[in-house]
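**Student:** Below is the file query_7.pdb, with PDB, C-alpha atoms.
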```pdb
ATOM      1  CA  MET W   1      78.342  94.912 103.894  1.00  0.00           C
ATOM      2  CA  SER W   2      81.852  93.708 103.002  1.00  0.00           C
ATOM      3  CA  ILE W   3      81.876  90.956 100.377  1.00  0.00           C
ATOM      4  CA  ILE W   4      85.647  90.806  99.679  1.00  0.00           C
ATOM      5  CA  GLN W   5      88.456  91.639 102.061  1.00  0.00           C
ATOM      6  CA  PHE W   6      92.236  91.450 101.612  1.00  0.00           C
ATOM      7  CA  ASP W   7      94.328  91.683 104.777  1.00  0.00           C
ATOM      8  CA  GLN W   8      98.096  92.033 104.257  1.00  0.00           C
ATOM      9  CA  VAL W   9      97.977  89.720 101.234  1.00  0.00           C
ATOM     10  CA  SER W  10     101.164  88.783  99.409  1.00  0.00           C
ATOM     11  CA  LYS W  11     101.598  86.396  96.494  1.00  0.00           C
ATOM     12  CA  ARG W  12     104.886  84.876  95.407  1.00  0.00           C
ATOM     13  CA  TYR W  13     105.373  82.295  92.697  1.00  0.00           C
ATOM     14  CA  GLN W  14     108.269  79.860  92.832  1.00  0.00           C
ATOM     15  CA  ALA W  15     111.662  81.526  92.322  1.00  0.00           C
ATOM     16  CA  SER W  16     110.159  85.015  91.935  1.00  0.00           C
ATOM     17  CA  ASN W  17     109.752  88.184  93.911  1.00  0.00           C
ATOM     18  CA  ASP W  18     106.375  89.068  95.390  1.00  0.00           C
ATOM     19  CA  VAL W  19     103.853  89.684  92.618  1.00  0.00           C
ATOM     20  CA  LEU W  20     101.656  91.269  95.295  1.00  0.00           C
ATOM     21  CA  SER W  21     103.024  92.631  98.547  1.00  0.00           C
ATOM     22  CA  GLN W  22     100.986  93.259 101.730  1.00  0.00           C
ATOM     23  CA  VAL W  23      97.840  94.379  99.931  1.00  0.00           C
ATOM     24  CA  SER W  24      94.834  95.315 102.071  1.00  0.00           C
ATOM     25  CA  PHE W  25      91.416  96.590 100.971  1.00  0.00           C
ATOM     26  CA  THR W  26      87.698  95.964 101.349  1.00  0.00           C
ATOM     27  CA  ILE W  27      85.011  95.784  98.659  1.00  0.00           C
ATOM     28  CA  LYS W  28      81.368  96.155  99.608  1.00  0.00           C
ATOM     29  CA  ALA W  29      78.471  94.351  97.971  1.00  0.00           C
ATOM     30  CA  GLY W  30      77.229  96.176  94.900  1.00  0.00           C
ATOM     31  CA  GLU W  31      80.329  98.259  94.227  1.00  0.00           C
ATOM     32  CA  LEU W  32      81.952  98.761  90.836  1.00  0.00           C
ATOM     33  CA  VAL W  33      85.704  98.656  91.449  1.00  0.00           C
ATOM     34  CA  PHE W  34      88.542  99.325  89.012  1.00  0.00           C
ATOM     35  CA  VAL W  35      91.949  97.696  89.510  1.00  0.00           C
ATOM     36  CA  THR W  36      94.603  99.725  87.690  1.00  0.00           C
ATOM     37  CA  GLY W  37      98.331  99.668  87.093  1.00  0.00           C
ATOM     38  CA  ARG W  38     100.910  99.008  84.402  1.00  0.00           C
ATOM     39  CA  SER W  39     101.514  95.599  82.883  1.00  0.00           C
ATOM     40  CA  GLY W  40     103.136  93.431  85.538  1.00  0.00           C
ATOM     41  CA  ALA W  41     101.768  95.475  88.432  1.00  0.00           C
ATOM     42  CA  GLY W  42      99.790  92.498  89.753  1.00  0.00           C
ATOM     43  CA  LYS W  43      96.277  93.202  88.465  1.00  0.00           C
ATOM     44  CA  SER W  44      95.601  89.737  87.045  1.00  0.00           C
ATOM     45  CA  THR W  45      97.054  88.047  90.111  1.00  0.00           C
ATOM     46  CA  LEU W  46      94.779  90.089  92.369  1.00  0.00           C
ATOM     47  CA  LEU W  47      91.740  89.032  90.340  1.00  0.00           C
ATOM     48  CA  LYS W  48      92.798  85.366  90.510  1.00  0.00           C
ATOM     49  CA  LEU W  49      93.051  85.631  94.295  1.00  0.00           C
ATOM     50  CA  VAL W  50      89.564  87.151  94.498  1.00  0.00           C
ATOM     51  CA  ALA W  51      88.148  84.320  92.374  1.00  0.00           C
ATOM     52  CA  ALA W  52      90.034  81.658  94.365  1.00  0.00           C
ATOM     53  CA  ILE W  53      91.917  80.572  91.232  1.00  0.00           C
ATOM     54  CA  GLU W  54      95.082  81.292  93.215  1.00  0.00           C
ATOM     55  CA  ARG W  55      95.673  81.254  96.966  1.00  0.00           C
ATOM     56  CA  PRO W  56      97.736  83.883  98.813  1.00  0.00           C
ATOM     57  CA  SER W  57     101.270  83.101  99.946  1.00  0.00           C
ATOM     58  CA  THR W  58     100.665  85.112 103.116  1.00  0.00           C
ATOM     59  CA  GLY W  59      97.787  87.165 104.466  1.00  0.00           C
ATOM     60  CA  THR W  60      94.056  86.568 104.370  1.00  0.00           C
ATOM     61  CA  VAL W  61      91.527  86.708 101.531  1.00  0.00           C
ATOM     62  CA  LEU W  62      87.904  86.643 102.661  1.00  0.00           C
ATOM     63  CA  VAL W  63      85.049  86.147 100.193  1.00  0.00           C
ATOM     64  CA  ASN W  64      81.631  86.302 101.820  1.00  0.00           C
ATOM     65  CA  ASN W  65      83.456  85.853 105.148  1.00  0.00           C
ATOM     66  CA  GLN W  66      85.044  82.617 103.922  1.00  0.00           C
ATOM     67  CA  ASN W  67      88.817  82.377 104.225  1.00  0.00           C
ATOM     68  CA  VAL W  68      89.940  81.213 100.790  1.00  0.00           C
ATOM     69  CA  SER W  69      93.227  79.801 102.122  1.00  0.00           C
ATOM     70  CA  GLN W  70      91.405  77.483 104.512  1.00  0.00           C
ATOM     71  CA  LEU W  71      88.893  76.088 102.035  1.00  0.00           C
ATOM     72  CA  ARG W  72      89.317  72.475 101.036  1.00  0.00           C
ATOM     73  CA  ALA W  73      89.812  71.797  97.336  1.00  0.00           C
ATOM     74  CA  ALA W  74      86.406  70.117  97.180  1.00  0.00           C
ATOM     75  CA  ALA W  75      84.728  73.318  98.416  1.00  0.00           C
ATOM     76  CA  LEU W  76      86.304  75.643  95.836  1.00  0.00           C
ATOM     77  CA  PRO W  77      83.898  74.836  92.953  1.00  0.00           C
ATOM     78  CA  TYR W  78      80.977  75.867  95.155  1.00  0.00           C
ATOM     79  CA  LEU W  79      82.664  79.169  96.015  1.00  0.00           C
ATOM     80  CA  ARG W  80      83.468  79.850  92.366  1.00  0.00           C
ATOM     81  CA  ARG W  81      79.802  79.556  91.436  1.00  0.00           C
ATOM     82  CA  LYS W  82      79.413  82.988  93.019  1.00  0.00           C
ATOM     83  CA  PHE W  83      81.683  84.425  90.311  1.00  0.00           C
ATOM     84  CA  GLY W  84      81.286  85.341  86.690  1.00  0.00           C
ATOM     85  CA  LEU W  85      84.646  85.644  84.906  1.00  0.00           C
ATOM     86  CA  VAL W  86      85.374  87.665  81.766  1.00  0.00           C
ATOM     87  CA  PHE W  87      88.797  87.285  80.183  1.00  0.00           C
ATOM     88  CA  GLN W  88      90.539  89.601  77.736  1.00  0.00           C
ATOM     89  CA  ASP W  89      90.977  86.766  75.225  1.00  0.00           C
ATOM     90  CA  HIS W  90      87.303  85.698  75.601  1.00  0.00           C
ATOM     91  CA  LYS W  91      88.064  81.945  75.930  1.00  0.00           C
ATOM     92  CA  LEU W  92      85.094  81.127  73.706  1.00  0.00           C
ATOM     93  CA  LEU W  93      84.552  77.697  72.146  1.00  0.00           C
ATOM     94  CA  TYR W  94      84.792  78.280  68.410  1.00  0.00           C
ATOM     95  CA  ASP W  95      83.341  74.894  67.475  1.00  0.00           C
ATOM     96  CA  ARG W  96      80.024  75.798  69.163  1.00  0.00           C
ATOM     97  CA  ASN W  97      77.508  78.519  68.379  1.00  0.00           C
ATOM     98  CA  CYS W  98      76.654  81.435  70.666  1.00  0.00           C
ATOM     99  CA  PHE W  99      73.763  79.638  72.347  1.00  0.00           C
ATOM    100  CA  GLN W 100      75.917  76.584  73.067  1.00  0.00           C
ATOM    101  CA  ASN W 101      78.759  78.692  74.461  1.00  0.00           C
ATOM    102  CA  ILE W 102      76.468  80.288  77.014  1.00  0.00           C
ATOM    103  CA  ALA W 103      74.819  76.964  77.861  1.00  0.00           C
ATOM    104  CA  LEU W 104      78.111  75.439  79.013  1.00  0.00           C
ATOM    105  CA  PRO W 105      78.286  76.834  82.591  1.00  0.00           C
ATOM    106  CA  LEU W 106      74.626  75.951  83.160  1.00  0.00           C
ATOM    107  CA  HIS W 107      75.172  72.378  81.976  1.00  0.00           C
ATOM    108  CA  ILE W 108      78.221  72.082  84.227  1.00  0.00           C
ATOM    109  CA  ASN W 109      75.980  73.061  87.151  1.00  0.00           C
ATOM    110  CA  GLY W 110      73.341  70.544  86.076  1.00  0.00           C
ATOM    111  CA  LEU W 111      70.777  73.021  84.725  1.00  0.00           C
ATOM    112  CA  THR W 112      69.240  71.992  81.387  1.00  0.00           C
ATOM    113  CA  GLY W 113      65.880  72.080  79.662  1.00  0.00           C
ATOM    114  CA  THR W 114      63.372  74.922  79.577  1.00  0.00           C
ATOM    115  CA  GLU W 115      64.805  76.899  82.493  1.00  0.00           C
ATOM    116  CA  ALA W 116      68.304  76.784  81.008  1.00  0.00           C
ATOM    117  CA  ASN W 117      67.015  77.897  77.606  1.00  0.00           C
ATOM    118  CA  LYS W 118      65.204  80.855  79.203  1.00  0.00           C
ATOM    119  CA  ARG W 119      68.341  81.950  81.015  1.00  0.00           C
ATOM    120  CA  ILE W 120      70.524  81.603  77.928  1.00  0.00           C
ATOM    121  CA  ARG W 121      68.220  83.709  75.780  1.00  0.00           C
ATOM    122  CA  ALA W 122      67.841  86.279  78.567  1.00  0.00           C
ATOM    123  CA  ALA W 123      71.631  86.560  78.785  1.00  0.00           C
ATOM    124  CA  LEU W 124      71.943  86.968  75.015  1.00  0.00           C
ATOM    125  CA  ASP W 125      69.219  89.598  75.052  1.00  0.00           C
ATOM    126  CA  LYS W 126      70.941  91.479  77.887  1.00  0.00           C
ATOM    127  CA  VAL W 127      74.076  91.938  75.776  1.00  0.00           C
ATOM    128  CA  GLY W 128      72.227  92.583  72.508  1.00  0.00           C
ATOM    129  CA  LEU W 129      73.021  89.277  70.799  1.00  0.00           C
ATOM    130  CA  LEU W 130      69.718  87.421  70.903  1.00  0.00           C
ATOM    131  CA  HIS W 131      69.458  87.651  67.128  1.00  0.00           C
ATOM    132  CA  LYS W 132      72.802  85.833  66.798  1.00  0.00           C
ATOM    133  CA  GLU W 133      72.163  82.842  69.036  1.00  0.00           C
ATOM    134  CA  LYS W 134      72.907  80.415  66.189  1.00  0.00           C
ATOM    135  CA  ALA W 135      75.944  82.301  64.884  1.00  0.00           C
ATOM    136  CA  MET W 136      79.438  80.895  65.362  1.00  0.00           C
ATOM    137  CA  PRO W 137      81.755  83.092  67.481  1.00  0.00           C
ATOM    138  CA  ILE W 138      84.302  83.404  64.667  1.00  0.00           C
ATOM    139  CA  THR W 139      81.724  85.399  62.658  1.00  0.00           C
ATOM    140  CA  LEU W 140      81.329  88.020  65.408  1.00  0.00           C
ATOM    141  CA  SER W 141      83.255  91.276  65.733  1.00  0.00           C
ATOM    142  CA  GLY W 142      85.674  91.762  68.615  1.00  0.00           C
ATOM    143  CA  GLY W 143      83.105  93.740  70.590  1.00  0.00           C
ATOM    144  CA  GLU W 144      80.427  91.122  69.972  1.00  0.00           C
ATOM    145  CA  GLN W 145      82.757  88.340  71.100  1.00  0.00           C
ATOM    146  CA  GLN W 146      83.410  90.233  74.325  1.00  0.00           C
ATOM    147  CA  ARG W 147      79.676  90.714  74.861  1.00  0.00           C
ATOM    148  CA  LEU W 148      79.183  86.987  74.292  1.00  0.00           C
ATOM    149  CA  ALA W 149      81.820  86.291  76.937  1.00  0.00           C
ATOM    150  CA  ILE W 150      79.953  88.588  79.331  1.00  0.00           C
ATOM    151  CA  ALA W 151      76.673  86.793  78.634  1.00  0.00           C
ATOM    152  CA  ARG W 152      78.348  83.478  79.462  1.00  0.00           C
ATOM    153  CA  ALA W 153      79.747  84.978  82.673  1.00  0.00           C
ATOM    154  CA  VAL W 154      76.370  86.234  83.942  1.00  0.00           C
ATOM    155  CA  VAL W 155      74.053  83.426  82.806  1.00  0.00           C
ATOM    156  CA  SER W 156      74.483  81.656  86.156  1.00  0.00           C
ATOM    157  CA  ARG W 157      73.458  84.869  87.975  1.00  0.00           C
ATOM    158  CA  PRO W 158      76.697  85.404  89.917  1.00  0.00           C
ATOM    159  CA  SER W 159      76.900  87.852  92.794  1.00  0.00           C
ATOM    160  CA  ILE W 160      80.429  88.902  91.762  1.00  0.00           C
ATOM    161  CA  LEU W 161      81.509  89.698  88.184  1.00  0.00           C
ATOM    162  CA  ILE W 162      85.255  89.883  87.476  1.00  0.00           C
ATOM    163  CA  ALA W 163      86.725  91.174  84.208  1.00  0.00           C
ATOM    164  CA  ASP W 164      90.420  91.247  83.278  1.00  0.00           C
ATOM    165  CA  GLU W 165      91.158  94.062  80.788  1.00  0.00           C
ATOM    166  CA  PRO W 166      87.801  93.520  79.031  1.00  0.00           C
ATOM    167  CA  THR W 167      88.219  96.549  76.748  1.00  0.00           C
ATOM    168  CA  GLY W 168      91.935  96.185  76.028  1.00  0.00           C
ATOM    169  CA  ASN W 169      91.538  95.112  72.393  1.00  0.00           C
ATOM    170  CA  LEU W 170      88.459  97.184  71.548  1.00  0.00           C
ATOM    171  CA  ASP W 171      87.990 100.576  69.954  1.00  0.00           C
ATOM    172  CA  ALA W 172      86.448 103.422  71.964  1.00  0.00           C
ATOM    173  CA  THR W 173      82.869 102.742  70.863  1.00  0.00           C
ATOM    174  CA  TYR W 174      82.925  99.051  71.705  1.00  0.00           C
ATOM    175  CA  ALA W 175      84.762  99.777  74.969  1.00  0.00           C
ATOM    176  CA  ALA W 176      82.049 102.235  76.013  1.00  0.00           C
ATOM    177  CA  ASP W 177      79.368  99.633  75.243  1.00  0.00           C
ATOM    178  CA  ILE W 178      81.117  97.022  77.390  1.00  0.00           C
ATOM    179  CA  MET W 179      81.515  99.413  80.322  1.00  0.00           C
ATOM    180  CA  SER W 180      77.848 100.362  80.074  1.00  0.00           C
ATOM    181  CA  LEU W 181      76.989  96.676  80.478  1.00  0.00           C
ATOM    182  CA  PHE W 182      79.123  96.429  83.614  1.00  0.00           C
ATOM    183  CA  SER W 183      77.447  99.543  85.013  1.00  0.00           C
ATOM    184  CA  ALA W 184      74.034  98.030  84.315  1.00  0.00           C
ATOM    185  CA  PHE W 185      74.924  94.889  86.269  1.00  0.00           C
ATOM    186  CA  GLN W 186      76.243  96.971  89.152  1.00  0.00           C
ATOM    187  CA  GLN W 187      72.986  98.931  89.241  1.00  0.00           C
ATOM    188  CA  VAL W 188      71.053  95.744  90.055  1.00  0.00           C
ATOM    189  CA  GLY W 189      73.406  94.760  92.850  1.00  0.00           C
ATOM    190  CA  VAL W 190      76.173  92.722  91.256  1.00  0.00           C
ATOM    191  CA  THR W 191      79.634  93.444  92.640  1.00  0.00           C
ATOM    192  CA  VAL W 192      81.799  94.231  89.598  1.00  0.00           C
ATOM    193  CA  ILE W 193      85.615  94.229  89.612  1.00  0.00           C
ATOM    194  CA  VAL W 194      87.371  95.361  86.440  1.00  0.00           C
ATOM    195  CA  ALA W 195      91.113  95.398  85.757  1.00  0.00           C
ATOM    196  CA  THR W 196      91.819  98.205  83.308  1.00  0.00           C
ATOM    197  CA  HIS W 197      94.453 100.668  82.152  1.00  0.00           C
ATOM    198  CA  ASP W 198      91.846 103.014  80.626  1.00  0.00           C
ATOM    199  CA  ALA W 199      91.887 106.253  82.629  1.00  0.00           C
ATOM    200  CA  ASP W 200      88.924 107.664  80.700  1.00  0.00           C
ATOM    201  CA  THR W 201      86.783 104.710  81.759  1.00  0.00           C
ATOM    202  CA  MET W 202      87.597 105.261  85.428  1.00  0.00           C
ATOM    203  CA  THR W 203      86.959 108.991  85.248  1.00  0.00           C
ATOM    204  CA  GLU W 204      83.598 108.497  83.569  1.00  0.00           C
ATOM    205  CA  HIS W 205      82.258 105.986  86.056  1.00  0.00           C
ATOM    206  CA  HIS W 206      83.566 107.610  89.286  1.00  0.00           C
ATOM    207  CA  ASN W 207      83.863 104.424  91.285  1.00  0.00           C
ATOM    208  CA  ASN W 208      86.360 102.800  93.609  1.00  0.00           C
ATOM    209  CA  VAL W 209      89.897 102.564  92.209  1.00  0.00           C
ATOM    210  CA  LEU W 210      92.620 100.242  93.498  1.00  0.00           C
ATOM    211  CA  HIS W 211      95.910 101.304  91.901  1.00  0.00           C
ATOM    212  CA  LEU W 212      98.819  98.851  91.941  1.00  0.00           C
ATOM    213  CA  GLN W 213     102.468  99.659  91.389  1.00  0.00           C
ATOM    214  CA  ALA W 214     105.031  96.840  91.388  1.00  0.00           C
ATOM    215  CA  GLY W 215     102.681  94.662  93.407  1.00  0.00           C
ATOM    216  CA  LYS W 216     101.848  97.241  96.047  1.00  0.00           C
ATOM    217  CA  LEU W 217      98.556  99.037  96.549  1.00  0.00           C
ATOM    218  CA  ILE W 218      99.481 102.713  96.447  1.00  0.00           C
ATOM    219  CA  GLN W 219      96.113 104.422  96.034  1.00  0.00           C
ATOM    220  CA  THR W 220      92.453 103.872  96.803  1.00  0.00           C
ATOM    221  CA  LEU W 221      89.721 106.333  95.898  1.00  0.00           C
ATOM    222  CA  ALA W 222      86.397 106.391  97.705  1.00  0.00           C
ATOM    223  CA  PRO W 223      83.412 105.114  95.709  1.00  0.00           C
ATOM    224  CA  ILE W 224      80.118 106.756  95.031  1.00  0.00           C
ATOM    225  CA  PRO W 225      77.329 105.390  97.271  1.00  0.00           C
ATOM    226  CA  ALA W 226      76.922 101.682  96.546  1.00  0.00           C
ATOM    227  CA  TRP W 227      73.744  99.751  95.931  1.00  0.00           C
ATOM    228  CA  THR W 228      72.375  98.954  99.385  1.00  0.00           C
ATOM    229  CA  ASN W 229      69.311  96.750  98.971  1.00  0.00           C
ATOM    230  CA  GLU W 230      69.867  93.677 101.134  1.00  0.00           C
ATOM    231  CA  SER W 231      68.517  91.219  98.574  1.00  0.00           C
ATOM    232  CA  GLN W 232      70.150  91.025  95.164  1.00  0.00           C
ATOM    233  CA  ALA W 233      67.796  91.607  92.255  1.00  0.00           C
ATOM    234  CA  ASN W 234      67.773  89.121  89.397  1.00  0.00           C
ATOM    235  CA  ILE W 235      70.138  90.359  86.719  1.00  0.00           C
ATOM    236  CA  LEU W 236      68.491  88.246  84.020  1.00  0.00           C
TER
END
```
Show me the file's structure as structure tokens.
**Tutor:**
Amino acid sequence: MSIIQFDQVSKRYQASNDVLSQVSFTIKAGELVFVTGRSGAGKSTLLKLVAAIERPSTGTVLVNNQNVSQLRAAALPYLRRKFGLVFQDHKLLYDRNCFQNIALPLHINGLTGTEANKRIRAALDKVGLLHKEKAMPITLSGGEQQRLAIARAVVSRPSILIADEPTGNLDATYAADIMSLFSAFQQVGVTVIVATHDADTMTEHHNNVLHLQAGKLIQTLAPIPAWTNESQANIL
């Protein structure tokens, strides 16, 4: 079943050329997809369009059969609850400990108390940081900070996980750990979309690749068989 579809999508910012030009592709539920290309190719813009952070200039973006361009502003927060977002620079709150960082998206959605605490600790455990729930992010290594960002992204149990160059500042060992986490989420039915320039990562995981060059989609590679169970398993 298609969960994300781009149909002749272009994106142009004011006084610029097209950052993306007539891009079309389909992502099925439960796939692990890599978006590749050089800096400036349009990878980050594509991810922002998927997550409804940006809207296309022309063309159609469908997420769960909803046309992002036609959604009212008031409806966008509800759509975005389907997403977990992982940024290259983590965007952690350094004045709060690990537990409090992960609690934030739950509190925004009105979930507190015992159930929230269970989810937070389950997310920390999933990424191997349960023993550091009271630690401040500044005391963590780069790989640990990225794992904390992943825990925050998945604590709300999103159906789609999006990561923008999540291994860009990590050494090979940490990068492999992060990609193993993404693979684990995909195995339980989460649709995972990762922007990366790491060819070794793509070769190892043998999944769908969308390659961008100067804003145009120039290559797609067929994925391995995707997870097909109709009901998503709990990831936490």
**Student:** Return as a Markdown table the residues of region 9-84 of chain W lying at most 8 Å from region 187-195 of chain W, together with the closest atom-to-atom pair for each and the distance in Å to one decimal, counting all atoms listed in the file, with rows in chain order and ascending residue number.
**Tutor:**
```
| residue | atom | partner | partner_atom | distance |
| --- | --- | --- | --- | --- |
| W:Lys28 | CA | W:Thr191 | CA | 7.7 |
| W:Ala29 | CA | W:Thr191 | CA | 5.5 |
| W:Gly30 | CA | W:Thr191 | CA | 4.3 |
| W:Glu31 | CA | W:Thr191 | CA | 5.1 |
| W:Leu32 | CA | W:Val192 | CA | 4.7 |
| W:Val33 | CA | W:Ile193 | CA | 4.8 |
| W:Phe34 | CA | W:Val194 | CA | 4.9 |
| W:Val35 | CA | W:Ala195 | CA | 4.5 |
| W:Thr36 | CA | W:Ala195 | CA | 5.9 |
| W:Lys43 | CA | W:Ala195 | CA | 6.2 |
| W:Ser44 | CA | W:Ala195 | CA | 7.3 |
| W:Leu47 | CA | W:Ala195 | CA | 7.9 |
```
**Student:** Could you write those residues out with C-alpha atoms, as an mmCIF file, in the frame of the given file?
**Tutor:**
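Saved as again.cif:
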```
data_model
loop_
_atom_site.group_PDB
_atom_site.id
_atom_site.type_symbol
_atom_site.label_atom_id
_atom_site.label_comp_id
_atom_site.auth_asym_id
_atom_site.auth_seq_id
_atom_site.Cartn_x
_atom_site.Cartn_y
_atom_site.Cartn_z
ATOM 1 C CA LYS W 28 81.368 96.155 99.608
ATOM 2 C CA ALA W 29 78.471 94.351 97.971
ATOM 3 C CA GLY W 30 77.229 96.176 94.900
ATOM 4 C CA GLU W 31 80.329 98.259 94.227
ATOM 5 C CA LEU W 32 81.952 98.761 90.836
ATOM 6 C CA VAL W 33 85.704 98.656 91.449
ATOM 7 C CA PHE W 34 88.542 99.325 89.012
ATOM 8 C CA VAL W 35 91.949 97.696 89.510
ATOM 9 C CA THR W 36 94.603 99.725 87.690
ATOM 10 C CA LYS W 43 96.277 93.202 88.465
ATOM 11 C CA SER W 44 95.601 89.737 87.045
ATOM 12 C CA LEU W 47 91.740 89.032 90.340
#
```
**Student:** Here is a test: counting all atoms listed in the file, which residue of W:Leu217, W:Ala103, W:Ile178, W:Ala75 is nearest to Gly128 (chain W)?
**Tutor:** W:Ile178
**Student:** Anything within 8 Å of (98.8, 82.9, 98.5): list those residues as a list in words, counting only C-alpha atoms and sticking to the file's coordinates.
**Tutor:**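 In the file's frame, the residues around the point are Val9, Ser10, Lys11, Arg12, Leu49, Glu54, Arg55, Pro56, Ser57, Thr58, Gly59 and Ser69 of chain W.
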**Student:** For the file shown, report as number ranges by chain the outcome of the PyMOL selection byres ((chain W and resi 85-100) around 9) at residue level.
**Tutor:** W: 51, 83-84, 101-104, 117, 120-121, 124, 129-130, 132-138, 145-146, 148-150, 152-154, 160-169
**Student:** Measuring atom to atom with all atoms listed in the file, identify which of W:Ile27, W:Leu20, W:Val63, W:Ile4 is nearest to Ala41 (chain W).
**Tutor:**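 Going through W:Ile27, W:Leu20, W:Val63, W:Ile4 one by one, the smallest distance to Ala41 (chain W) is for W:Leu20.
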**Student:** Using only C-alpha atoms, which residue out of W:Leu62, W:Ile53, W:Val209, W:Ala214 lies closest to Asp7 (chain W)?
**Tutor:** W:Leu62
**Student:** Choose the residue, out of W:Leu111, W:Ala74, W:Leu170, W:Asn17, that has the smallest atom-to-atom separation from Glu144 (chain W); count all atoms listed in the file.
**Tutor:**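 Once distances to Glu144 (chain W) are computed over all atoms listed in the file, the minimum belongs to W:Leu170.
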**Student:** Which protein, DNA or RNA residues have an atom at most 8 Å from (84.0, 97.5, 69.3), counting only C-alpha atoms? List them as a PyMOL selection string.
**Tutor:** chain W and resi 141-144+170-175+177
**Student:** CA of Met179 (chain W) to CA of Asp125 (chain W): how many Å, to one decimal?
**Tutor:** 16.6 Å
**Student:** Considering all atoms listed in the file, can you say which of W:Ser24, W:Glu115, W:Pro158, W:Asn208 comes closest to Val61 (chain W)?
**Tutor:**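 Closest to Val61 (chain W) of all the choices is W:Ser24.
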**Student:** Mind giving me the straight-line distance from CA of Lys216 (chain W) to CA of Ser21 (chain W) in Å, one decimal?
**Tutor:** 5.4 Å
